[in-house]
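Here the structure is laid out as structure tokens; the discussion comes afterwards.
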Amino acid sequence: MTDRSSPYNQTDGEARGIAHKLLRDATTAALAVTEADTGAPFVSRIGFGLSPEGVPMTLISDLALHSRALRNDPRAALLIGEAGSRGDPLTHPRLTIRATARFVLRNEVDHHALRAAWLGTHPKATLYVDFADFHFVLFDIVSGHLNAGFAKAYALDQKDLTVR
């Protein structure tokens, strides 16, 4: 039975499937961080992908404001999903993930696999992926919120968002 005082539907296989599809198909996302100098919220569009283990990831430069912000406070939120070209934008599914950012050093074992996965979905990054100021960041999922359209809101946990 659904609790009518909650805006969320019972999470089911269909909701997980929609969330997984959004994660697998996305090549960009909106990243929300807290600015290091001001403590104010900041949102940026980033490249997005999944690691070979299905963990959300990005490639960012040390020159980016959001890189400094994540090093100062690794808490972040990602918004995944684009409005379609037709109809009401609010009817298209979108997924918000609360996560903790983790920078991957070049000498870590995972770096080579992350590089290969990234270039598989972002081939133009070949131009800069090896620049010294660029780093892979993994986003360890804390929780999520799926809005799959009107009256289709779901609270998701880390297990619901694990993509294999």
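Residues are referred to by chain and number: the chain letter is A, B, ... according to the order shown in the structure tokens, the number counts from 1 in that chain, and ligands are numbered separately from 1 in the order shown.
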
* Asked: What lies within 8 Å of Ala15 in chain A using only C-alpha atoms, ignoring chain neighbours under 5 positions off, as a list of chain:residue names?
  ->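 These residues fall inside the cut-off: A:Leu146, A:Ala148, A:Tyr154.
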
* Could you tell me, as a ChimeraX atom specification, which residues of chain A DSSP assigns to strand (DSSP E or B) when given the backbone? => /A:9,28-34,41-47,49-50,56-61,75-80,94-104,134-147,153-157

May I have the residues from that selection written out with C-alpha atoms, as an mmCIF file, in the first residue's frame?
data_model
loop_
_atom_site.group_PDB
_atom_site.id
_atom_site.type_symbol
_atom_site.label_atom_id
_atom_site.label_comp_id
_atom_site.auth_asym_id
_atom_site.auth_seq_id
_atom_site.Cartn_x
_atom_site.Cartn_y
_atom_site.Cartn_z
ATOM 1 C CA ASN A 9 5.494 5.819 -5.462
ATOM 2 C CA THR A 28 26.182 14.959 -20.172
ATOM 3 C CA ALA A 29 24.718 15.916 -16.806
ATOM 4 C CA ALA A 30 24.210 18.966 -14.639
ATOM 5 C CA LEU A 31 26.533 18.941 -11.621
ATOM 6 C CA ALA A 32 25.640 20.835 -8.444
ATOM 7 C CA VAL A 33 28.403 21.659 -5.981
ATOM 8 C CA THR A 34 29.081 24.114 -3.173
ATOM 9 C CA PRO A 41 25.467 26.585 -4.725
ATOM 10 C CA PHE A 42 26.907 26.292 -8.231
ATOM 11 C CA VAL A 43 25.642 24.248 -11.188
ATOM 12 C CA SER A 44 27.635 23.317 -14.272
ATOM 13 C CA ARG A 45 27.109 21.119 -17.320
ATOM 14 C CA ILE A 46 29.650 18.274 -17.420
ATOM 15 C CA GLY A 47 30.470 15.282 -19.563
ATOM 16 C CA GLY A 49 29.518 8.429 -18.281
ATOM 17 C CA LEU A 50 29.709 5.208 -16.313
ATOM 18 C CA PRO A 56 28.794 7.565 -12.504
ATOM 19 C CA MET A 57 31.891 9.454 -13.621
ATOM 20 C CA THR A 58 33.211 12.545 -15.327
ATOM 21 C CA LEU A 59 36.478 13.980 -16.604
ATOM 22 C CA ILE A 60 37.216 17.500 -15.342
ATOM 23 C CA SER A 61 40.026 20.002 -15.371
ATOM 24 C CA ARG A 75 29.188 16.267 -1.707
ATOM 25 C CA ALA A 76 27.481 16.734 -5.055
ATOM 26 C CA ALA A 77 24.265 16.253 -6.954
ATOM 27 C CA LEU A 78 23.839 15.225 -10.578
ATOM 28 C CA LEU A 79 20.806 15.829 -12.770
ATOM 29 C CA ILE A 80 20.544 13.366 -15.638
ATOM 30 C CA ARG A 94 14.919 12.895 -15.152
ATOM 31 C CA LEU A 95 17.067 11.536 -12.362
ATOM 32 C CA THR A 96 18.744 13.410 -9.538
ATOM 33 C CA ILE A 97 21.562 11.644 -7.729
ATOM 34 C CA ARG A 98 23.097 12.664 -4.425
ATOM 35 C CA ALA A 99 26.707 11.511 -4.405
ATOM 36 C CA THR A 100 30.167 11.840 -2.947
ATOM 37 C CA ALA A 101 32.895 12.710 -5.456
ATOM 38 C CA ARG A 102 36.147 10.758 -5.517
ATOM 39 C CA PHE A 103 39.099 11.899 -7.654
ATOM 40 C CA VAL A 104 41.079 9.091 -9.313
ATOM 41 C CA PHE A 134 42.408 16.610 -16.213
ATOM 42 C CA HIS A 135 41.194 14.000 -13.738
ATOM 43 C CA PHE A 136 38.519 11.354 -13.607
ATOM 44 C CA VAL A 137 36.004 11.768 -10.827
ATOM 45 C CA LEU A 138 33.788 8.923 -9.661
ATOM 46 C CA PHE A 139 30.495 9.754 -7.977
ATOM 47 C CA ASP A 140 29.694 7.268 -5.223
ATOM 48 C CA ILE A 141 25.907 7.245 -5.052
ATOM 49 C CA VAL A 142 24.211 8.084 -1.760
ATOM 50 C CA SER A 143 20.601 8.229 -2.969
ATOM 51 C CA GLY A 144 18.460 9.401 -5.827
ATOM 52 C CA HIS A 145 15.153 10.809 -6.961
ATOM 53 C CA LEU A 146 13.504 9.743 -10.197
ATOM 54 C CA ASN A 147 10.765 11.819 -11.746
ATOM 55 C CA ALA A 153 8.140 10.154 -8.490
ATOM 56 C CA TYR A 154 10.386 7.578 -6.820
ATOM 57 C CA ALA A 155 12.912 7.745 -3.993
ATOM 58 C CA LEU A 156 15.844 5.496 -4.902
ATOM 59 C CA ASP A 157 18.695 4.169 -2.846
#

* Could you state the separation of CA of Arg24 in chain A and CA of Val163 in chain A in Å, given to one decimal place? ->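 Straight-line distance from CA of Arg24 in chain A to CA of Val163 in chain A works out to 7.9 Å.
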
* Asked: Can you list, as a list in words, every residue of range 51-139 of chain A that DSSP puts in alpha helix (DSSP H)?
  ->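 Of range 51-139 of chain A, only Leu65, His66, Ser67, Arg68, Ala69, Leu70, Arg71, Asn72, Asp110, His111, His112, Ala113, Leu114, Arg115, Ala116, Ala117, Trp118, Leu119, Gly120 and Thr121 of chain A fall in alpha helix (DSSP H).
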
Could you dump the residues just selected with N, CA and C atoms as a short mmCIF file (atom, residue, chain, number, x, y, z; two decimals), in the first residue's frame?
data_model
loop_
_atom_site.label_atom_id
_atom_site.label_comp_id
_atom_site.auth_asym_id
_atom_site.auth_seq_id
_atom_site.Cartn_x
_atom_site.Cartn_y
_atom_site.Cartn_z
N LEU A 65 35.81 25.57 -11.95
CA LEU A 65 35.35 25.93 -10.61
C LEU A 65 34.81 24.72 -9.87
N HIS A 66 34.10 23.84 -10.56
CA HIS A 66 33.52 22.69 -9.88
C HIS A 66 34.58 21.70 -9.42
N SER A 67 35.74 21.67 -10.04
CA SER A 67 36.83 20.80 -9.59
C SER A 67 37.31 21.26 -8.21
N ARG A 68 37.56 22.55 -8.09
CA ARG A 68 37.99 23.10 -6.79
C ARG A 68 36.91 22.89 -5.73
N ALA A 69 35.66 23.09 -6.11
CA ALA A 69 34.56 22.92 -5.17
C ALA A 69 34.49 21.47 -4.65
N LEU A 70 34.65 20.49 -5.56
CA LEU A 70 34.57 19.08 -5.16
C LEU A 70 35.76 18.68 -4.28
N ARG A 71 36.91 19.27 -4.52
CA ARG A 71 38.07 18.97 -3.67
C ARG A 71 37.86 19.53 -2.26
N ASN A 72 37.15 20.64 -2.18
CA ASN A 72 36.87 21.26 -0.89
C ASN A 72 35.74 20.55 -0.15
N ASP A 110 42.68 1.73 -11.45
CA ASP A 110 41.44 1.97 -12.22
C ASP A 110 41.60 2.97 -13.36
N HIS A 111 42.64 3.80 -13.32
CA HIS A 111 42.74 4.91 -14.26
C HIS A 111 42.68 4.45 -15.72
N HIS A 112 43.42 3.44 -16.07
CA HIS A 112 43.46 2.97 -17.46
C HIS A 112 42.07 2.51 -17.93
N ALA A 113 41.36 1.77 -17.07
CA ALA A 113 40.01 1.29 -17.43
C ALA A 113 39.03 2.45 -17.54
N LEU A 114 39.16 3.45 -16.68
CA LEU A 114 38.29 4.62 -16.75
C LEU A 114 38.55 5.39 -18.04
N ARG A 115 39.82 5.53 -18.39
CA ARG A 115 40.20 6.23 -19.62
C ARG A 115 39.58 5.54 -20.84
N ALA A 116 39.71 4.23 -20.89
CA ALA A 116 39.16 3.47 -22.02
C ALA A 116 37.64 3.60 -22.08
N ALA A 117 36.97 3.49 -20.95
CA ALA A 117 35.51 3.62 -20.92
C ALA A 117 35.08 5.02 -21.35
N TRP A 118 35.80 6.03 -20.88
CA TRP A 118 35.45 7.42 -21.22
C TRP A 118 35.60 7.66 -22.72
N LEU A 119 36.72 7.24 -23.26
CA LEU A 119 36.95 7.47 -24.69
C LEU A 119 36.00 6.66 -25.56
N GLY A 120 35.46 5.57 -25.03
CA GLY A 120 34.47 4.79 -25.77
C GLY A 120 33.18 5.56 -25.99
N THR A 121 32.84 6.47 -25.09
CA THR A 121 31.61 7.25 -25.22
C THR A 121 31.86 8.72 -25.52
#

* To do: Compile the contact shell of Asp133 in chain A as a ChimeraX atom specification: residues with an atom at most 10 Å away, counting only C-alpha atoms, same-chain residues fewer than 3 positions apart removed.
  => /A:60-64,128-130

* Asked: In Å to one decimal, how far is CA of Phe48 in chain A from CA of Thr27 in chain A?
  ->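 Those two atoms sit 4.7 Å apart.
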
* Computed interatomic separation between CA of Gly13 in chain A and CA of Lys152 in chain A (Å) -> 13.2 Å

* To do: Select, from A:Glu53, A:Glu108, A:Glu82, A:Asp160, the residue with the minimum atom-to-atom distance to Thr11 in chain A, counting only C-alpha atoms.
  =>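 Between A:Glu53, A:Glu108, A:Glu82, A:Asp160, the residue approaching Thr11 in chain A most closely is A:Asp160.
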